[in-house]
Structure formats: C-alpha cells, structure tokens
$ cat run15.pdb   # PDB, C-alpha atoms and all ligand atoms
ATOM      1  CA  MET A   1     101.187 100.560 119.854
ATOM      2  CA  GLY A   2     103.869 101.810 117.451
ATOM      3  CA  LYS A   3     106.018 104.315 119.306
ATOM      4  CA  ASP A   4     107.347 107.101 117.111
ATOM      5  CA  VAL A   5     109.152 110.441 117.146
ATOM      6  CA  ILE A   6     107.311 113.322 115.414
ATOM      7  CA  ILE A   7     109.360 116.341 114.297
ATOM      8  CA  ALA A   8     107.452 119.646 114.704
ATOM      9  CA  LEU A   9     107.988 121.608 111.467
ATOM     10  CA  ASP A  10     107.526 125.015 113.099
ATOM     11  CA  PHE A  11     108.597 127.038 110.067
ATOM     12  CA  SER A  12     106.787 129.992 108.539
ATOM     13  CA  GLY A  13     107.033 129.059 104.866
ATOM     14  CA  LYS A  14     107.850 126.343 102.382
ATOM     15  CA  GLU A  15     111.431 127.455 101.556
ATOM     16  CA  GLU A  16     112.465 126.990 105.184
ATOM     17  CA  VAL A  17     110.611 123.680 105.463
ATOM     18  CA  PHE A  18     112.107 122.208 102.327
ATOM     19  CA  SER A  19     115.569 123.405 103.252
ATOM     20  CA  PHE A  20     115.168 121.552 106.579
ATOM     21  CA  LEU A  21     113.683 118.426 104.938
ATOM     22  CA  ASP A  22     116.585 118.397 102.466
ATOM     23  CA  LYS A  23     119.002 118.388 105.417
ATOM     24  CA  ILE A  24     117.368 115.255 106.840
ATOM     25  CA  SER A  25     116.685 113.542 103.513
ATOM     26  CA  GLY A  26     119.405 110.960 104.202
ATOM     27  CA  ILE A  27     117.363 109.276 106.959
ATOM     28  CA  ALA A  28     116.215 105.931 105.531
ATOM     29  CA  GLN A  29     112.876 105.704 107.359
ATOM     30  CA  LYS A  30     111.269 109.101 106.595
ATOM     31  CA  PRO A  31     110.438 110.812 109.912
ATOM     32  CA  TYR A  32     106.850 111.508 111.006
ATOM     33  CA  VAL A  33     106.358 115.309 110.923
ATOM     34  CA  LYS A  34     103.903 117.783 112.456
ATOM     35  CA  ILE A  35     102.484 120.663 110.417
ATOM     36  CA  GLY A  36     100.982 123.412 112.561
ATOM     37  CA  MET A  37      98.660 126.343 111.935
ATOM     38  CA  GLU A  38     101.349 128.813 110.906
ATOM     39  CA  LEU A  39     102.691 126.709 108.049
ATOM     40  CA  TYR A  40      99.285 125.387 106.988
ATOM     41  CA  TYR A  41      97.681 128.823 106.862
ATOM     42  CA  ALA A  42     100.662 130.217 104.959
ATOM     43  CA  GLU A  43     100.912 127.460 102.366
ATOM     44  CA  GLY A  44      97.538 125.703 102.351
ATOM     45  CA  PRO A  45      96.792 122.016 101.679
ATOM     46  CA  ALA A  46      99.473 121.894  98.939
ATOM     47  CA  ILE A  47     102.176 121.814 101.636
ATOM     48  CA  VAL A  48     100.610 118.664 103.106
ATOM     49  CA  ARG A  49     100.539 116.963  99.695
ATOM     50  CA  GLU A  50     104.126 117.975  98.918
ATOM     51  CA  ILE A  51     105.524 116.727 102.221
ATOM     52  CA  LYS A  52     103.451 113.556 101.956
ATOM     53  CA  ALA A  53     104.866 113.007  98.450
ATOM     54  CA  ARG A  54     108.362 113.030  99.992
ATOM     55  CA  GLY A  55     107.319 110.004 102.028
ATOM     56  CA  HIS A  56     106.655 111.535 105.461
ATOM     57  CA  LYS A  57     103.716 110.651 107.724
ATOM     58  CA  ILE A  58     101.867 113.794 108.759
ATOM     59  CA  PHE A  59     100.292 114.993 112.006
ATOM     60  CA  LEU A  60      98.212 118.031 110.968
ATOM     61  CA  ASP A  61      97.918 120.105 114.147
ATOM     62  CA  LEU A  62      94.952 122.416 113.440
ATOM     63  CA  LYS A  63      93.041 121.873 116.739
ATOM     64  CA  LEU A  64      89.492 122.044 115.361
ATOM     65  CA  HIS A  65      86.722 123.460 117.578
ATOM     66  CA  ASP A  66      83.321 124.427 116.158
ATOM     67  CA  ILE A  67      79.736 123.172 116.005
ATOM     68  CA  PRO A  68      79.572 119.388 115.442
ATOM     69  CA  ASN A  69      78.327 119.611 111.847
ATOM     70  CA  THR A  70      81.132 121.983 110.793
ATOM     71  CA  VAL A  71      83.810 119.870 112.481
ATOM     72  CA  LYS A  72      82.404 116.706 110.864
ATOM     73  CA  LYS A  73      82.633 118.243 107.379
ATOM     74  CA  ALA A  74      86.079 119.737 107.964
ATOM     75  CA  MET A  75      87.356 116.361 109.218
ATOM     76  CA  ALA A  76      86.099 114.683 106.030
ATOM     77  CA  VAL A  77      88.285 117.116 104.066
ATOM     78  CA  LEU A  78      91.326 116.253 106.224
ATOM     79  CA  ALA A  79      90.686 112.520 105.694
ATOM     80  CA  ARG A  80      90.710 113.104 101.916
ATOM     81  CA  LEU A  81      93.938 115.072 102.292
ATOM     82  CA  ASP A  82      95.369 111.778 103.557
ATOM     83  CA  VAL A  83      96.963 113.050 106.772
ATOM     84  CA  ASP A  84      97.954 110.339 109.267
ATOM     85  CA  MET A  85      96.987 112.192 112.446
ATOM     86  CA  CYS A  86      94.906 115.295 113.238
ATOM     87  CA  ASN A  87      93.388 116.872 116.328
ATOM     88  CA  LEU A  88      90.571 118.855 117.943
ATOM     89  CA  HIS A  89      89.712 120.504 121.257
ATOM     90  CA  ALA A  90      88.031 118.181 123.760
ATOM     91  CA  SER A  91      86.244 121.254 125.151
ATOM     92  CA  GLY A  92      84.066 121.175 122.013
ATOM     93  CA  THR A  93      82.009 118.465 123.828
ATOM     94  CA  VAL A  94      81.558 114.711 123.400
ATOM     95  CA  GLU A  95      78.979 115.358 120.675
ATOM     96  CA  MET A  96      81.475 117.409 118.651
ATOM     97  CA  MET A  97      84.162 114.737 119.054
ATOM     98  CA  LYS A  98      81.756 111.979 117.942
ATOM     99  CA  ALA A  99      80.860 114.040 114.863
ATOM    100  CA  ALA A 100      84.580 114.452 114.157
ATOM    101  CA  VAL A 101      85.175 110.686 114.256
ATOM    102  CA  GLU A 102      82.248 110.192 111.873
ATOM    103  CA  GLY A 103      83.477 112.862 109.473
ATOM    104  CA  LEU A 104      87.017 111.537 109.544
ATOM    105  CA  THR A 105      86.018 107.948 108.714
ATOM    106  CA  ARG A 106      86.486 107.267 105.013
ATOM    107  CA  PRO A 107      83.946 105.247 102.990
ATOM    108  CA  ASN A 108      86.247 102.188 103.281
ATOM    109  CA  GLY A 109      86.224 102.410 107.099
ATOM    110  CA  THR A 110      89.811 103.678 107.538
ATOM    111  CA  ARG A 111      90.636 107.047 109.091
ATOM    112  CA  PRO A 112      93.549 109.141 110.344
ATOM    113  CA  ILE A 113      94.392 108.924 114.067
ATOM    114  CA  LEU A 114      92.391 111.537 115.994
ATOM    115  CA  ILE A 115      93.864 113.196 119.081
ATOM    116  CA  ALA A 116      92.219 115.620 121.527
ATOM    117  CA  VAL A 117      93.734 118.674 123.162
ATOM    118  CA  THR A 118      92.539 118.841 126.787
ATOM    119  CA  GLN A 119      93.603 122.098 128.438
ATOM    120  CA  LEU A 120      96.399 123.908 126.594
ATOM    121  CA  THR A 121      99.614 123.964 128.609
ATOM    122  CA  SER A 122      99.579 127.751 128.243
ATOM    123  CA  THR A 123      96.449 127.858 130.440
ATOM    124  CA  SER A 124      97.229 128.019 134.155
ATOM    125  CA  GLU A 125      94.846 126.667 136.791
ATOM    126  CA  GLU A 126      94.191 130.256 137.897
ATOM    127  CA  ARG A 127      93.249 131.435 134.374
ATOM    128  CA  MET A 128      91.115 128.335 133.809
ATOM    129  CA  GLN A 129      89.213 129.007 137.015
ATOM    130  CA  LYS A 130      88.895 132.786 136.575
ATOM    131  CA  ASP A 131      88.486 133.137 132.794
ATOM    132  CA  LEU A 132      86.695 129.887 131.999
ATOM    133  CA  LEU A 133      84.827 129.495 135.307
ATOM    134  CA  ILE A 134      85.984 125.872 135.616
ATOM    135  CA  SER A 135      86.297 125.372 139.357
ATOM    136  CA  ALA A 136      87.813 121.859 139.345
ATOM    137  CA  PRO A 137      91.594 121.523 139.665
ATOM    138  CA  LEU A 138      93.503 121.579 136.366
ATOM    139  CA  ASP A 139      94.678 117.944 136.489
ATOM    140  CA  GLU A 140      91.136 116.746 137.240
ATOM    141  CA  THR A 141      89.838 118.762 134.261
ATOM    142  CA  VAL A 142      92.503 117.275 131.988
ATOM    143  CA  MET A 143      91.615 113.694 133.030
ATOM    144  CA  HIS A 144      87.878 114.410 132.655
ATOM    145  CA  TYR A 145      88.429 115.728 129.113
ATOM    146  CA  ALA A 146      90.563 112.664 128.326
ATOM    147  CA  LYS A 147      87.718 110.389 129.493
ATOM    148  CA  ASN A 148      85.257 112.362 127.339
ATOM    149  CA  ALA A 149      87.569 111.922 124.348
ATOM    150  CA  ALA A 150      87.789 108.157 124.937
ATOM    151  CA  GLU A 151      83.997 107.967 125.274
ATOM    152  CA  ALA A 152      83.586 109.775 121.938
ATOM    153  CA  GLY A 153      85.852 107.255 120.185
ATOM    154  CA  VAL A 154      88.830 109.616 119.877
ATOM    155  CA  ASP A 155      92.167 107.745 119.898
ATOM    156  CA  GLY A 156      94.120 109.723 122.481
ATOM    157  CA  VAL A 157      95.227 113.082 123.847
ATOM    158  CA  VAL A 158      98.067 115.553 123.632
ATOM    159  CA  CYS A 159      99.529 115.847 127.120
ATOM    160  CA  SER A 160     102.720 116.435 129.025
ATOM    161  CA  PRO A 161     104.992 113.367 129.012
ATOM    162  CA  LEU A 162     104.800 113.596 132.799
ATOM    163  CA  GLU A 163     101.012 112.957 132.615
ATOM    164  CA  ALA A 164     101.139 110.059 130.130
ATOM    165  CA  GLY A 165     101.139 107.362 132.817
ATOM    166  CA  LYS A 166      98.093 108.806 134.557
ATOM    167  CA  VAL A 167      96.199 109.150 131.249
ATOM    168  CA  HIS A 168      96.863 105.468 130.545
ATOM    169  CA  THR A 169      95.678 104.508 134.023
ATOM    170  CA  VAL A 170      92.443 106.470 133.549
ATOM    171  CA  CYS A 171      91.719 105.711 129.862
ATOM    172  CA  GLY A 172      93.556 102.428 129.243
ATOM    173  CA  ASN A 173      96.868 101.492 127.654
ATOM    174  CA  ASN A 174      95.514 101.573 124.099
ATOM    175  CA  PHE A 175      94.499 105.235 124.482
ATOM    176  CA  LEU A 176      97.324 107.197 122.868
ATOM    177  CA  THR A 177      99.442 109.886 124.500
ATOM    178  CA  VAL A 178     101.151 112.374 122.187
ATOM    179  CA  THR A 179     103.642 114.398 124.182
ATOM    180  CA  PRO A 180     105.576 117.599 123.408
ATOM    181  CA  GLY A 181     107.922 119.190 125.967
ATOM    182  CA  ILE A 182     110.871 116.948 125.107
ATOM    183  CA  ARG A 183     114.475 117.990 125.726
ATOM    184  CA  PHE A 184     117.781 116.140 125.807
ATOM    185  CA  ALA A 185     119.320 115.844 129.266
ATOM    186  CA  ASP A 186     122.226 118.057 128.151
ATOM    187  CA  GLY A 187     120.142 120.414 125.968
ATOM    188  CA  ASP A 188     118.500 123.849 126.201
ATOM    189  CA  VAL A 189     115.048 123.952 127.816
ATOM    190  CA  GLY A 190     114.084 127.230 126.061
ATOM    191  CA  ASP A 191     110.498 128.397 126.788
ATOM    192  CA  GLN A 192     109.179 124.969 127.802
ATOM    193  CA  VAL A 193     108.558 124.502 131.522
ATOM    194  CA  ARG A 194     107.700 120.890 132.320
ATOM    195  CA  VAL A 195     110.079 118.920 130.133
ATOM    196  CA  THR A 196     111.532 115.446 130.041
ATOM    197  CA  THR A 197     113.992 113.460 127.932
ATOM    198  CA  PRO A 198     112.970 111.012 125.172
ATOM    199  CA  GLU A 199     114.240 108.161 127.356
ATOM    200  CA  LYS A 200     112.169 109.231 130.364
ATOM    201  CA  ALA A 201     109.097 109.797 128.121
ATOM    202  CA  LYS A 202     109.427 106.175 126.998
ATOM    203  CA  GLU A 203     109.648 105.009 130.598
ATOM    204  CA  ILE A 204     106.509 106.931 131.602
ATOM    205  CA  GLY A 205     104.636 105.497 128.622
ATOM    206  CA  SER A 206     104.280 108.176 125.896
ATOM    207  CA  ASP A 207     103.202 106.702 122.565
ATOM    208  CA  TYR A 208     104.464 109.558 120.367
ATOM    209  CA  ILE A 209     106.875 112.331 121.311
ATOM    210  CA  VAL A 210     106.697 115.661 119.446
ATOM    211  CA  VAL A 211     110.133 117.244 119.183
ATOM    212  CA  GLY A 212     110.727 120.667 117.639
ATOM    213  CA  ARG A 213     113.790 122.781 118.306
ATOM    214  CA  PRO A 214     116.018 120.046 119.789
ATOM    215  CA  VAL A 215     116.013 118.617 116.224
ATOM    216  CA  THR A 216     115.154 121.554 113.921
ATOM    217  CA  ALA A 217     117.667 123.950 115.520
ATOM    218  CA  ALA A 218     120.413 121.339 116.053
ATOM    219  CA  ALA A 219     123.754 121.774 114.299
ATOM    220  CA  ASP A 220     123.306 118.183 113.096
ATOM    221  CA  PRO A 221     119.535 117.519 112.859
ATOM    222  CA  VAL A 222     120.011 113.968 111.570
ATOM    223  CA  ALA A 223     122.118 113.032 114.609
ATOM    224  CA  ALA A 224     119.624 114.767 116.943
ATOM    225  CA  TYR A 225     116.673 112.925 115.384
ATOM    226  CA  GLU A 226     118.506 109.608 115.533
ATOM    227  CA  ARG A 227     119.353 110.217 119.174
ATOM    228  CA  CYS A 228     115.629 110.786 119.890
ATOM    229  CA  VAL A 229     114.704 107.556 118.117
ATOM    230  CA  LYS A 230     117.431 105.607 119.890
ATOM    231  CA  GLU A 231     116.351 106.893 123.320
ATOM    232  CA  PHE A 232     112.575 106.681 122.728
ATOM    233  CA  VAL A 233     112.027 103.728 120.421
ATOM    234  CA  GLY A 234     115.190 101.809 121.307
TER
HETATM  235  O1  LIG B   1     110.452 123.240 119.847
HETATM  236  P1  LIG B   1     109.646 122.397 120.792
HETATM  237  O2  LIG B   1     110.208 120.998 120.990
HETATM  238  O3  LIG B   1     109.347 123.095 122.106
HETATM  239  O4  LIG B   1     108.259 122.194 120.015
HETATM  240  C1  LIG B   1     107.167 121.528 120.584
HETATM  241  C2  LIG B   1     106.012 121.522 119.621
HETATM  242  O5  LIG B   1     104.876 120.995 120.303
HETATM  243  C3  LIG B   1     105.583 122.899 119.108
HETATM  244  O6  LIG B   1     105.030 122.716 117.797
HETATM  245  C4  LIG B   1     104.510 123.308 120.090
HETATM  246  O7  LIG B   1     103.599 124.215 119.537
HETATM  247  C5  LIG B   1     103.844 121.966 120.372
HETATM  248  N1  LIG B   1     103.107 121.887 121.638
HETATM  249  C6  LIG B   1     103.699 122.126 122.872
HETATM  250  N2  LIG B   1     102.967 122.028 124.010
HETATM  251  C7  LIG B   1     101.659 121.693 123.942
HETATM  252  C8  LIG B   1     101.052 121.448 122.728
HETATM  253  C9  LIG B   1     101.823 121.557 121.579
HETATM  254  O8  LIG B   1     104.880 122.396 122.946
HETATM  255  N3  LIG B   1     100.978 121.559 125.062
END

$ encode --input "run15.pdb" --output "structure tokens" --more "lines below"
Ligand code: C5P
Amino acid sequence: MGKDVIIALDFSGKEEVFSFLDKISGIAQKPYVKIGMELYYAEGPAIVREIKARGHKIFLDLKLHDIPNTVKKAMAVLARLDVDMCNLHASGTVEMMKAAVEGLTRPNGTRPILIAVTQLTSTSEERMQKDLLISAPLDETVMHYAKNAAEAGVDGVVCSPLEAGKVHTVCGNNFLTVTPGIRFADGDVGDQVRVTTPEKAKEIGSDYIVVGRPVTAAADPVAAYERCVKEFVG
C-alpha cells in the first residue's frame, strides 16, 4: 500500500486556498490534499477541478449518507469529477455502501478510493448510547462498522491512528486506514484529543495520515510537510 501524507485544506474560500497552495508550490511531488464540506460548498466542483489541474491528488471529504439509490448516483458524479478518494458514513448500511461502490465504478472499471466514516470522533460513547440507542461499547461499534465496510467492498475507514493496528487485525492489512489527529512531538495539540506523531502513526500502521494545522498554520509549511513525509513515509 502506498503510504502518503494528505494536507487538509480547511480554508473557507478559494483565495485562501490558492494563497496556501502558492506557498507550497515548490514541492516537487505535489502533495495529496483533502477538500472538506466548507470549501466544497463555498466554491463548488470548480475548486476540485482547479486544484486537480495544479497536479494535486484529491480526497473529497463529503461523508455521503442517504438512501442507496441517491448515494449511488452522487458517487457516479464524484467519479466523473476525477477525485482520487471520497467517503461516506458506514451507518448508512451495507446496502448503501455497496450501492456507493457500484456508482463510483467508472465504465472502464476504475474508481476513486472509497473510505467509510465509522463513528465520528466527536461522538462520545455516552452520546452514542443515549442519543443513538446503540448499547454496544464505542470501540466494538467502530470495529463492527469497519467490518461492514469491508463486506460492502469499501476500501478502508477513517479512524484514529491509535486504532489503525486493530482495524488491520480485524479487516486485514490491505484494508486502508486514513488517520487524522496527527501532531508533531514538539507541536501544539489544539482541539484534538487523541493525537500521535507521523512517526508513531507509521509504526502503528496508518496508510494515510491527514494533517491540517501542523502544516497549514506552520511558519514554514513546506518544511512542516516535508517533516511529515520524512517521519511517515521515510
Ligand atoms: O488541523 P488538524 O490536523 O486537526 O485537521 C485534521 C483534519 O481531519 C480536519 O479536516 C478534520 O476535520 C479532519 N478529521 C478529524 N477527525 C476525524 C475526522 C476528520 O480531525 N475523526
């Protein structure tokens, strides 16, 4: 599996994004980037095409969750948009995830990588049990959703780097783990709670790390990105 560092482009509009991308334009191998809901809803599919045209691979983080037929059709649109990775909520059921894989598969058989969100890290075990009436422990729920995703033909899950090893044990080494919550050993943790360093994420077995502020807010984003790559990819 190709390990890679994905920079989260958590900016609210295209001026900010392009000003950041200009700052890192000297990096020879264009970094993989993540476009989230805020930027996508502000700028629409044009932002994906423009960033793609600059040579970046794109993880479009829109977390789809709807009836299977709607998700299938929406995924076909994302495949035509030529993103490299996209995602959905595993709680939409195995049937919804299978429909997504079908919709995402292009006529020539290729498709973007598809990743499932299990339980959002903002959901505590207490809220999951009280609000969602899921009585199983949180970690058991996460592993069950990961197994459902694998069964549906989805390629992997978003999870904490600290859970990547367990996900691989349960779903196999080829099942991808995409892990945010990355901080340098000497850096600011900010609002993240369960964090680890790029080096430790590599050790535990993450396939892709998603790094936002440690790179985007760094005084020298190129050096910060290169440090991530050096620690994580080697
Ligand atoms: O700035 P920071 O490195 O914390 O950014 C992490 C990125 O990963 C953000 O885009 C955040 O929304 C995303 N993310 C996360 N935790 C999850 C899922 C996604 O931090 N469980």

$ closest_residue --input "run15.pdb" --among "A:Leu78, A:Ala100, A:Ile182, A:Ala219" --to "ligand LIG 1 (chain B)" --atoms "all atoms listed in the file"
A:Ile182

$ atom_distance --input "run15.pdb" --atom1 "atom C9 of ligand LIG 1 (chain B)" --atom2 "CA of Pro180 in chain A"
5.8 Å

$ residues_around --input "run15.pdb" --residues "Gln192 in chain A" --least-positions-apart "6" --cutoff "12 Å" --atoms "only C-alpha atoms" --output "JSON, numbers by chain"
{"A": [121, 122, 160, 180, 181, 182, 183, 211, 212, 213, 214]}

$ axis_aligned_box --input "run15.pdb" --around "ligand LIG 1 (chain B)" --padding-each-side "6 Å" --output "JSON"
{"center_x": 105.7, "center_y": 122.6, "center_z": 121.4, "size_x": 21.5, "size_y": 15.2, "size_z": 19.3}

$ resolve_selection --input "run15.pdb" --expression "the PyMOL selection byres (((chain A and resi 54-64) around 8) and not hetatm)" --output "list of chain:residue names"
A:Ile6, A:Lys30, A:Pro31, A:Tyr32, A:Val33, A:Lys34, A:Ile35, A:Gly36, A:Met37, A:Val48, A:Glu50, A:Ile51, A:Lys52, A:Ala53, A:His65, A:Asp66, A:Val71, A:Val83, A:Asp84, A:Met85, A:Cys86, A:Asn87, A:Leu88, A:His89, A:Ala116, A:Val117

$ atom_distance --input "run15.pdb" --atom1 "CA of Ala201 in chain A" --atom2 "CA of Val215 in chain A"
16.3 Å

$ atom_distance --input "run15.pdb" --atom1 "CA of Phe184 in chain A" --atom2 "CA of Asp220 in chain A"
14.0 Å

$ resolve_selection --input "run15.pdb" --expression "the PyMOL selection byres (((chain A and resi 206) around 7) and not hetatm)" --output "ChimeraX atom specification"
/A:161,164,177-179,201-202,204-205,207-209

$ closest_residue --input "run15.pdb" --among "A:Ala224, A:Ala185, A:Cys159, A:Ala99" --to "ligand LIG 1 (chain B)" --atoms "all atoms listed in the file"
A:Cys159

$ closest_residue --input "run15.pdb" --among "A:Lys230, A:Arg127, A:Arg194, A:Lys200" --to "ligand LIG 1 (chain B)" --atoms "all atoms listed in the file"
A:Arg194

$ closest_residue --input "run15.pdb" --among "A:Cys228, A:Ile115, A:Ala79, A:Val210" --to "ligand LIG 1 (chain B)" --atoms "all atoms listed in the file"
A:Val210

$ closest_residue --input "run15.pdb" --among "A:Gly165, A:Gly153, A:Gly190, A:Pro112" --to "Leu81 in chain A" --atoms "all atoms listed in the file"
A:Pro112

$ closest_residue --input "run15.pdb" --among "A:Ala218, A:Ile47, A:Val229, A:Met75" --to "ligand LIG 1 (chain B)" --atoms "only C-alpha atoms and all ligand atoms"
A:Ala218

$ resolve_selection --input "run15.pdb" --expression "the PyMOL selection byres (((chain A and resi 136-148) around 12) and not hetatm)" --output "PyMOL selection string"
chain A and resi 88-98+115-130+132-135+149-160+162-172+175-177

$ residues_around --input "run15.pdb" --residues "range 20-22 of chain A" --least-positions-apart "4" --cutoff "9 Å" --atoms "only C-alpha atoms" --output "PDB file with C-alpha atoms, keeping the file's coordinate frame"
ATOM      1  CA  LEU A   9     107.988 121.608 111.467  1.00  0.00           C
ATOM      2  CA  GLU A  15     111.431 127.455 101.556  1.00  0.00           C
ATOM      3  CA  GLU A  16     112.465 126.990 105.184  1.00  0.00           C
ATOM      4  CA  GLY A  26     119.405 110.960 104.202  1.00  0.00           C
ATOM      5  CA  ILE A  51     105.524 116.727 102.221  1.00  0.00           C
ATOM      6  CA  THR A 216     115.154 121.554 113.921  1.00  0.00           C
ATOM      7  CA  PRO A 221     119.535 117.519 112.859  1.00  0.00           C
TER       8      PRO A 221
END

$ residues_around --input "run15.pdb" --residues "Glu38 in chain A" --least-positions-apart "3" --cutoff "8 Å" --atoms "all atoms listed in the file" --output "mmCIF file with C-alpha atoms, in the frame of the given file"
data_model
loop_
_atom_site.group_PDB
_atom_site.id
_atom_site.type_symbol
_atom_site.label_atom_id
_atom_site.label_comp_id
_atom_site.auth_asym_id
_atom_site.auth_seq_id
_atom_site.Cartn_x
_atom_site.Cartn_y
_atom_site.Cartn_z
ATOM 1 C CA ASP A 10 107.526 125.015 113.099
ATOM 2 C CA PHE A 11 108.597 127.038 110.067
ATOM 3 C CA SER A 12 106.787 129.992 108.539
ATOM 4 C CA TYR A 41 97.681 128.823 106.862
ATOM 5 C CA ALA A 42 100.662 130.217 104.959
#

$ decode --input "run15.pdb" --residues "range 179-188 of chain A" --atoms "all heavy atoms" --output "mmCIF file, in the first residue's frame"
data_model
loop_
_atom_site.group_PDB
_atom_site.id
_atom_site.type_symbol
_atom_site.label_atom_id
_atom_site.label_comp_id
_atom_site.auth_asym_id
_atom_site.auth_seq_id
_atom_site.Cartn_x
_atom_site.Cartn_y
_atom_site.Cartn_z
ATOM 1 N N THR A 179 -5.949 8.382 8.741
ATOM 2 C CA THR A 179 -5.972 8.826 10.133
ATOM 3 C C THR A 179 -5.623 10.299 10.360
ATOM 4 O O THR A 179 -4.488 10.710 10.133
ATOM 5 C CB THR A 179 -5.007 7.937 10.977
ATOM 6 O OG1 THR A 179 -3.668 8.173 10.555
ATOM 7 C CG2 THR A 179 -5.312 6.468 10.817
ATOM 8 N N PRO A 180 -6.610 11.084 10.813
ATOM 9 C CA PRO A 180 -6.324 12.453 11.275
ATOM 10 C C PRO A 180 -5.815 12.414 12.725
ATOM 11 O O PRO A 180 -5.515 11.336 13.229
ATOM 12 C CB PRO A 180 -7.684 13.152 11.183
ATOM 13 C CG PRO A 180 -8.708 12.096 10.987
ATOM 14 C CD PRO A 180 -8.027 10.756 10.902
ATOM 15 N N GLY A 181 -5.730 13.547 13.374
ATOM 16 C CA GLY A 181 -5.258 13.566 14.769
ATOM 17 C C GLY A 181 -3.748 13.415 14.827
ATOM 18 O O GLY A 181 -3.211 12.706 15.669
ATOM 19 N N ILE A 182 -3.054 14.092 13.919
ATOM 20 C CA ILE A 182 -1.593 13.992 13.843
ATOM 21 C C ILE A 182 -0.962 15.294 14.347
ATOM 22 O O ILE A 182 -1.380 16.380 13.944
ATOM 23 C CB ILE A 182 -1.144 13.736 12.376
ATOM 24 C CG1 ILE A 182 -1.760 12.447 11.828
ATOM 25 C CG2 ILE A 182 0.387 13.737 12.260
ATOM 26 C CD1 ILE A 182 -1.299 11.171 12.494
ATOM 27 N N ARG A 183 -0.003 15.164 15.229
ATOM 28 C CA ARG A 183 0.731 16.330 15.735
ATOM 29 C C ARG A 183 2.204 15.982 15.856
ATOM 30 O O ARG A 183 2.537 14.839 16.155
ATOM 31 C CB ARG A 183 0.194 16.737 17.125
ATOM 32 C CG ARG A 183 -1.242 17.307 17.101
ATOM 33 C CD ARG A 183 -1.302 18.619 16.355
ATOM 34 N NE ARG A 183 -2.645 19.185 16.314
ATOM 35 C CZ ARG A 183 -3.505 19.027 15.311
ATOM 36 N NH1 ARG A 183 -3.186 18.297 14.262
ATOM 37 N NH2 ARG A 183 -4.677 19.613 15.338
ATOM 38 N N PHE A 184 3.069 16.990 15.654
ATOM 39 C CA PHE A 184 4.493 16.762 15.886
ATOM 40 C C PHE A 184 4.724 16.644 17.390
ATOM 41 O O PHE A 184 3.979 17.242 18.187
ATOM 42 C CB PHE A 184 5.319 17.929 15.332
ATOM 43 C CG PHE A 184 5.295 18.012 13.833
ATOM 44 C CD1 PHE A 184 4.833 19.158 13.186
ATOM 45 C CD2 PHE A 184 5.726 16.935 13.062
ATOM 46 C CE1 PHE A 184 4.811 19.230 11.797
ATOM 47 C CE2 PHE A 184 5.705 17.005 11.668
ATOM 48 C CZ PHE A 184 5.245 18.150 11.040
ATOM 49 N N ALA A 185 5.761 15.915 17.759
ATOM 50 C CA ALA A 185 6.055 15.698 19.180
ATOM 51 C C ALA A 185 6.236 17.029 19.918
ATOM 52 O O ALA A 185 5.831 17.176 21.064
ATOM 53 C CB ALA A 185 7.298 14.835 19.306
ATOM 54 N N ASP A 186 6.806 18.039 19.205
ATOM 55 C CA ASP A 186 7.054 19.320 19.864
ATOM 56 C C ASP A 186 6.023 20.379 19.459
ATOM 57 O O ASP A 186 6.237 21.569 19.635
ATOM 58 C CB ASP A 186 8.467 19.806 19.508
ATOM 59 C CG ASP A 186 8.729 19.781 18.006
ATOM 60 O OD1 ASP A 186 7.789 19.456 17.243
ATOM 61 O OD2 ASP A 186 9.853 20.088 17.585
ATOM 62 N N GLY A 187 4.879 19.941 18.912
ATOM 63 C CA GLY A 187 3.893 20.909 18.399
ATOM 64 C C GLY A 187 2.684 21.081 19.304
ATOM 65 O O GLY A 187 2.529 20.397 20.318
ATOM 66 N N ASP A 188 1.805 22.005 18.896
ATOM 67 C CA ASP A 188 0.557 22.311 19.603
ATOM 68 C C ASP A 188 -0.479 21.229 19.334
ATOM 69 O O ASP A 188 -0.679 20.840 18.200
ATOM 70 C CB ASP A 188 -0.004 23.604 18.987
ATOM 71 C CG ASP A 188 -0.042 24.723 19.978
ATOM 72 O OD1 ASP A 188 0.400 24.496 21.116
ATOM 73 O OD2 ASP A 188 -0.507 25.824 19.603
#
